[in-house]
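S.K.: Got a structure here, written out as structure tokens. Questions coming.
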Amino acid sequence: MTMQSQINISQVNKTFRTEGNEVVALENINLDIKPGEFICLLGPSGCGKSTLLNAIAGFSLPTSGSIVVDGKPVQEPGPDRGMVFQEYALFPWMTVEKNIAFGLEIKKQGKAEIKNKVDALLEMLNLQDFRDRYPKDLSGGMRQRVAIARVLALDSPIMLMDEPFGALDSLTRRNLQDELLRIWTEFRKTIIFVTHSIEESIYLADRIIVMTYRPGTIKKDVAVSMPRPRDPSSAAFNELKKELSLLVMEEQTRHNQQEIKLPAGD
Amino acid sequence: MKNPYLAKAVDTLQGFLVPIAIVALWQFLSSRHIVNPQILPAPTAVIAKWWEYLLPTDPFDPAHSSFLAWCFSGEMLRDAYASMYRVVVGFLVGGVLAIPLGLLMGANDRIYKLFNPLIQVLRPIPPIAFIPLSILWFGLGNPPAIFLIVIGAFFPMLMNTIAGVRHVDSIYIRAARSMGASQTTMFLRVMLPAATPYILTGARIGVGTAFIVVIVAEMIAVNNGLGYRILEAREFFWSDKIIAGMFTIGLLGLAIDTGMNRLNNYLLKWHRGIESK
């Protein structure tokens, strides 16, 4: 492990057993992530990108190999690795304010301190008018803002995001991508972002990790050096998009073929 | 219909049509002596009896009691109070036993396996079937009646609480775990609120069962309350009082259900798909 890596994943394997069926979800994954890096895990569904994210989060530990975060092996979920889910996972019985404050209350911070932090986050994510609303009253984009604010409140150095914008319409999506980049620049967090959108990964990432379909391995580690804000209509953007499309399509084709042979779940 | 108020008024009037027609038929049958008034008294006679049952029996005496106390000294209100008291006490005791046990059983598999067989055996026994045993154990009066109500309220609340905890979406648990929630926080601030819609449904069924059981229990184990009163009226062939009593029981049941519904809507104002009825 190099000194500067914050997350070190080495020789990680993950096998799922279901009714005599054995699915190798991850095979020999090796990855070093530096503090402040924006990583996208890219691949078709079933390629194990969410499995890898869940392993880093500590929800589902690898069958073998090691994941070390800030020098400590991952054993369980923790507030040092804040998670944003595609389904938002906001607590519907809490108001927006309470949802954001929840992590701070767990940390037993003082009332005044919590209020200050929540106020600042509400303002940063343009949520002031929704402070006393319940999640059911919010649009998908608004809910995901609250979910991001909730993770920012934890002050975790690492943000794990599992297809967070997958359920949003394209305009809201672009909007939140820009906001996420702003937040990332301001707080210098390490972000691991799972997506199956090639364009999204090029728009956001420092490094795109393209994964293969079953067994999930790292197919290619692509560094993106274009300056931000990136223009999706630019030549460089589209060239990279074409290159990645070919890589992802190969895996998508294998996915389709295997699905015909073996009608197993994701 | 252009005018919304007029449309609403017409709707309301329509709702009264069938009841009015039935009461008119009933009045016609009675006043023409087509049915025996001992069997089915006229609606007017029932209303008169209901009013008499409602009003205080003794004349107002300032030396004896305050005016307010006198207002509530009528037989019906005392009966309604006695019945309500039993329902409330039985329901609360049932809830205090059922909800914590349900939460534990829902959250912990070992506790579930320990208690579930016994509960599956006891649950299908209708609370009414506990009457002989409750009289044998507790004699007559409030204790056996409340015991029966506890049993009636306990099982629906228990089953719903278990189901509520088991149906908590695992994503909330994952989210809370990743934020570092302790076991206690997880239980009190995630599992319990996530299970409230189920728990409240259980409470609503529980209080409904309690209300059924109280009427039966009063017919057997005590000598006041609405259930006792209508059975007593039968012994004297006071059919008008039986129907007046039934009408009161219906009103009280409606009041309880409306109250529970309001409480539900208030506690679940965060919940999707709750329309204020």
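Following the order of the structure tokens, chains are lettered A, B, ..., residues in each are numbered from 1, and ligands are numbered from 1.
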Per residue of stretch 207-259 of chain B within 12 Å of stretch 44-55 of chain B, what are the shortest atom pair and its distance in Å to one decimal, counting only C-alpha atoms, with rows by chain and residue number, as a tab-separated table?

M.R.:
residue	atom	partner	partner_atom	distance
B:Leu226	CA	B:Tyr53	CA	11.2
B:Arg229	CA	B:Tyr53	CA	10.5
B:Ile230	CA	B:Tyr53	CA	11.6
B:Ala233	CA	B:Lys49	CA	11.6
B:Trp238	CA	B:Lys49	CA	9.6
B:Ser239	CA	B:Val46	CA	8.4
B:Asp240	CA	B:Val46	CA	4.8
B:Lys241	CA	B:Lys49	CA	6.1
B:Ile242	CA	B:Val46	CA	8.8
B:Ile243	CA	B:Val46	CA	6.7
B:Ala244	CA	B:Trp50	CA	5.0
B:Gly245	CA	B:Trp50	CA	7.4
B:Met246	CA	B:Trp50	CA	10.0
B:Phe247	CA	B:Trp50	CA	8.5
B:Thr248	CA	B:Trp50	CA	8.3
B:Ile249	CA	B:Trp50	CA	11.8

S.K.: Could you work out which residues of chain B fall inside 10 Å of chain A? Count only C-alpha atoms, and format the result as a PyMOL selection string.

M.R.: chain B and resi 169-182+185+189-190+193-194+196+267-273

S.K.: Among stretch 103-237 of chain A, which residues carry a DSSP assignment of strand (DSSP E), reported as an mmCIF file with C-alpha atoms, in the first residue's frame?

M.R.:
data_model
loop_
_atom_site.group_PDB
_atom_site.id
_atom_site.type_symbol
_atom_site.label_atom_id
_atom_site.label_comp_id
_atom_site.auth_asym_id
_atom_site.auth_seq_id
_atom_site.Cartn_x
_atom_site.Cartn_y
_atom_site.Cartn_z
ATOM 1 C CA ILE A 158 -15.513 9.451 2.156
ATOM 2 C CA MET A 159 -18.838 9.541 0.333
ATOM 3 C CA LEU A 160 -20.155 6.356 -1.232
ATOM 4 C CA MET A 161 -22.877 6.890 -3.805
ATOM 5 C CA ASP A 162 -24.880 4.002 -5.268
ATOM 6 C CA THR A 190 -13.195 11.174 -1.583
ATOM 7 C CA ILE A 191 -16.177 10.061 -3.636
ATOM 8 C CA ILE A 192 -16.876 6.600 -4.984
ATOM 9 C CA PHE A 193 -19.786 6.871 -7.332
ATOM 10 C CA VAL A 194 -21.515 3.874 -8.932
ATOM 11 C CA THR A 195 -23.208 4.478 -12.261
ATOM 12 C CA ARG A 207 -10.849 8.067 -12.636
ATOM 13 C CA ILE A 208 -13.321 5.699 -14.210
ATOM 14 C CA ILE A 209 -13.078 2.053 -13.217
ATOM 15 C CA VAL A 210 -14.742 -0.024 -15.924
ATOM 16 C CA MET A 211 -15.866 -3.398 -14.602
ATOM 17 C CA ILE A 218 -11.515 -4.409 -13.246
ATOM 18 C CA LYS A 219 -11.464 -4.215 -17.032
ATOM 19 C CA LYS A 220 -9.864 -0.826 -17.304
ATOM 20 C CA ASP A 221 -8.812 2.029 -15.071
ATOM 21 C CA VAL A 222 -9.250 5.234 -17.072
ATOM 22 C CA ALA A 223 -7.902 8.563 -15.824
#
